[in-house]
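Student: Starting off with a structure, shown below.
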Amino acid sequence: MNVVHFFYNRLPIFIFTLFSLWQLPASADNGLRCLVEAYPQFLSPETDINGNELLWLDGTRMIYDDGKQYTDFEELLNNGDLKEQLSIPYSLAPLTQAPAFNEDAGRIRHIDFFKKMYGSTEAQVRKQLKKVSWLPSKTSILFSSVNGADEALAEVGKRIAQQPDLIAYVSNPVGSFNWRTIQGTSRLSNHSFGTAVDFQLPKNLYKYWLWGGCKPNKPCTYPTQVLQDTKLQRIVTIFEEFGFIWGGKWYHFDTMHFEYRPELIHCSTNH
């Protein structure tokens with residue numbers, strides 16, 4: 001069961017909206033289309049004809065491209081709009097070489113988009129959290145029920161639990177919901193929205209770019225052992241089938257991190 005089939009099975013509104021997508025103007029930006037396909041519970045297929053507004057089902061309009069340009073990658077991370085959120089394609093191909101410099105598909109987040117969808121305060125987000133039964137370790141993970149993210153995570157756990165040689169890799173969840181900023185920044189982490197989970201991977205695979213002394217806008221050596229581990233790659237593929245991206249596919253690698261971002265899967269270079 002892939003992410004599209006998963007949505008078909010659980011969301012009648014998704015089926016309705018998918019048919020409505022054929023009414024999108026031919027000029028609609030492909031990024032807008034990806035957003036509407038990925039989040040049918042919130043976003044309307046009736047996009048603005050100039051292709052620069054995202055229309056929410058409640059009537060809210062959100063600018064897609066604010067026209068601002070950034071030469072510094074950190075500034076882009078801090079201020080990116082919806083178009084820039086989708087500007088770095090996420091590849092579904094197995095990772096066989098280190099990502100290119102600043103190739104961080106998913107790290108650019110238009111925070112107002114996620115706040116409107118999942119909650120703008122810790123209290124609002126908490127109201128939407130559910131305990132997900134995580135079968136690989138027979139424990140539970142707090143995760144957002146918005147957009148069926150909790151059910152997607154549960155399906156991932158079921159699939160991994162059917163492959164005993166993979167279980168040890170994800171038997172110890174070390175972080176899910178946590179209203180906090182990203183280390184060294186003022187940006188909210190997607191852990192704040194209950195849409196990300198970290199796992200204590202085997203020591204040689206448990207890598208984060210800042211731990212190795214890497215610095216923003218500077219060259220950073222990718223851990224080659226991560227590229228060579230086929231079990232980890234199989235786990236990543238399962239997560240991706242249900243709408244998650246993996247932080248190990250970032251130049252600024254975060255190998256323990258999985259984040260529910262179906263819009264990037266829909267816009268994937270291999271979808």
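Ordered as shown in the structure tokens, chains take letters A, B, and onward, while each chain numbers its residues from 1 and ligands are numbered from 1 in the order shown.
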Show me a table, sorted first by chain and then by increasing residue number, of the residues of stretch 182-230 of chain A having an atom at most 12 Å from stretch 138-158 of chain A, each with its shortest atom pair and the distance in Å to one decimal, counting only C-alpha atoms and written as JSON lines.

Tutor:
{"residue": "A:Asn190", "atom": "CA", "partner": "A:Ser144", "partner_atom": "CA", "distance": 10.8}
{"residue": "A:His191", "atom": "CA", "partner": "A:Phe143", "partner_atom": "CA", "distance": 9.1}
{"residue": "A:Ser192", "atom": "CA", "partner": "A:Ser144", "partner_atom": "CA", "distance": 10.0}
{"residue": "A:Phe193", "atom": "CA", "partner": "A:Ser144", "partner_atom": "CA", "distance": 7.0}
{"residue": "A:Gly194", "atom": "CA", "partner": "A:Phe143", "partner_atom": "CA", "distance": 4.8}
{"residue": "A:Thr195", "atom": "CA", "partner": "A:Ser144", "partner_atom": "CA", "distance": 6.0}
{"residue": "A:Ala196", "atom": "CA", "partner": "A:Phe143", "partner_atom": "CA", "distance": 7.8}
{"residue": "A:Val197", "atom": "CA", "partner": "A:Ile141", "partner_atom": "CA", "distance": 8.3}
{"residue": "A:Asp198", "atom": "CA", "partner": "A:Ile141", "partner_atom": "CA", "distance": 10.4}
{"residue": "A:Phe199", "atom": "CA", "partner": "A:Ile141", "partner_atom": "CA", "distance": 11.1}

Student: For the selection you just gave me, I'd like the residues written to a file as a compact mmCIF listing (two decimals), in the first residue's frame, keeping N, CA and C atoms.

Tutor:
# COMPACT_ATOMS: atom_id res chain seq x y z
N ASN A 190 9.43 20.75 13.04
CA ASN A 190 8.16 20.08 12.78
C ASN A 190 7.81 19.06 13.85
N HIS A 191 8.73 18.80 14.77
CA HIS A 191 8.36 18.05 15.97
C HIS A 191 7.31 18.83 16.75
N SER A 192 7.32 20.14 16.62
CA SER A 192 6.35 20.99 17.32
C SER A 192 4.92 20.69 16.89
N PHE A 193 4.76 20.20 15.67
CA PHE A 193 3.43 19.94 15.13
C PHE A 193 3.03 18.47 15.25
N GLY A 194 3.89 17.66 15.86
CA GLY A 194 3.58 16.25 16.01
C GLY A 194 3.62 15.49 14.71
N THR A 195 4.47 15.94 13.78
CA THR A 195 4.55 15.31 12.46
C THR A 195 5.94 14.78 12.14
N ALA A 196 6.78 14.65 13.16
CA ALA A 196 8.13 14.13 12.95
C ALA A 196 8.48 13.17 14.08
N VAL A 197 9.32 12.20 13.76
CA VAL A 197 9.75 11.22 14.75
C VAL A 197 11.21 10.87 14.50
N ASP A 198 11.96 10.73 15.58
CA ASP A 198 13.37 10.34 15.52
C ASP A 198 13.54 8.96 16.15
N PHE A 199 14.51 8.20 15.63
CA PHE A 199 14.81 6.87 16.16
C PHE A 199 16.29 6.74 16.50

Student: Per residue of stretch 206-262 of chain A within 10 Å of stretch 173-189 of chain A, what are the shortest atom pair and its distance in Å to one decimal, counting only C-alpha atoms, with rows by chain and residue number, as a tab-separated table?

Tutor:
residue	atom	partner	partner_atom	distance
A:Leu210	CA	A:Gln183	CA	9.0
A:Met256	CA	A:Val174	CA	9.0
A:His257	CA	A:Gly175	CA	8.9
A:Phe258	CA	A:Ser176	CA	9.6
A:Glu259	CA	A:Ser176	CA	9.7

Student: Have a look at A:Thr96, A:Ser91, A:Asn172, A:Asn30 and name the one nearest to A:Ile265; count only C-alpha atoms.

Tutor: A:Ser91

Student: In Å, with one decimal, what is the gap from atom CA of A:Pro40 to atom CA of A:Asp58?

Tutor: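 Distance reported for this atom pair: 12.1 Å.
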
Student: As a list in words, list the residues of stretch 100-169 of chain A assigned to strand (DSSP E) by DSSP on the backbone atoms of this structure.

Tutor: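 Filtering stretch 100-169 of chain A down to strand (DSSP E) leaves Leu129, Lys130, Lys131, Val132, Ser133, Trp134, Thr139, Ser140, Ile141, Leu142, Phe143 and Ser144 of chain A.
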
Student: My list of candidates is A:Phe101, A:Val170, A:Phe114, A:Asn204. Which is closest to A:Leu135 when distances are computed with only C-alpha atoms?

Tutor: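 Result for the nearest residue to A:Leu135: A:Val170.
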
Student: Neighbouring residues of A:Asp66 were defined as those with any atom within 9 Å, considering only C-alpha atoms; residues of the same chain fewer than 4 positions away were excluded. Please report them as a list of chain:residue names.

Tutor: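 Non-adjacent residues within range: A:Asn52, A:Gly80, A:Asp81, A:Leu82, A:Lys83.
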
Student: What lies within 8 Å of stretch 233-239 of chain A using only C-alpha atoms, ignoring chain neighbours under 6 positions off, as a PDB file with N, CA and C atoms, in the first residue's frame?

Tutor:
ATOM      1  N   LEU A  92      12.861   9.997  -4.545  1.00  0.00           N
ATOM      2  CA  LEU A  92      12.474   8.716  -3.953  1.00  0.00           C
ATOM      3  C   LEU A  92      13.460   7.606  -4.294  1.00  0.00           C
ATOM      4  N   PRO A  94      16.795   5.353  -4.080  1.00  0.00           N
ATOM      5  CA  PRO A  94      17.700   5.022  -2.972  1.00  0.00           C
ATOM      6  C   PRO A  94      18.920   5.931  -2.983  1.00  0.00           C
ATOM      7  N   LEU A  95      19.372   6.300  -1.803  1.00  0.00           N
ATOM      8  CA  LEU A  95      20.509   7.208  -1.685  1.00  0.00           C
ATOM      9  C   LEU A  95      21.804   6.440  -1.934  1.00  0.00           C
ATOM     10  N   LEU A 153       1.724   6.768  10.083  1.00  0.00           N
ATOM     11  CA  LEU A 153       2.821   6.250  10.903  1.00  0.00           C
ATOM     12  C   LEU A 153       2.521   4.834  11.380  1.00  0.00           C
ATOM     13  N   VAL A 156       3.268   2.420   8.635  1.00  0.00           N
ATOM     14  CA  VAL A 156       4.715   2.211   8.511  1.00  0.00           C
ATOM     15  C   VAL A 156       5.175   1.178   9.526  1.00  0.00           C
ATOM     16  N   ARG A 159       4.249  -2.362   8.579  1.00  0.00           N
ATOM     17  CA  ARG A 159       5.065  -2.888   7.481  1.00  0.00           C
ATOM     18  C   ARG A 159       6.451  -3.300   7.978  1.00  0.00           C
ATOM     19  N   ILE A 160       7.059  -2.467   8.810  1.00  0.00           N
ATOM     20  CA  ILE A 160       8.395  -2.787   9.317  1.00  0.00           C
ATOM     21  C   ILE A 160       8.347  -3.999  10.230  1.00  0.00           C
ATOM     22  N   LEU A 166      14.614  -5.699  10.259  1.00  0.00           N
ATOM     23  CA  LEU A 166      14.612  -4.239  10.303  1.00  0.00           C
ATOM     24  C   LEU A 166      14.220  -3.687  11.671  1.00  0.00           C
ATOM     25  N   ILE A 245       9.265  11.966   4.556  1.00  0.00           N
ATOM     26  CA  ILE A 245      10.603  12.188   4.020  1.00  0.00           C
ATOM     27  C   ILE A 245      11.617  11.814   5.091  1.00  0.00           C
ATOM     28  N   TRP A 246      12.851  11.608   4.675  1.00  0.00           N
ATOM     29  CA  TRP A 246      13.928  11.183   5.581  1.00  0.00           C
ATOM     30  C   TRP A 246      15.024  12.245   5.605  1.00  0.00           C
ATOM     31  N   PHE A 258      12.447  11.356  10.597  1.00  0.00           N
ATOM     32  CA  PHE A 258      11.427  11.087   9.585  1.00  0.00           C
ATOM     33  C   PHE A 258      10.281  12.072   9.801  1.00  0.00           C
TER      34      PHE A 258
END
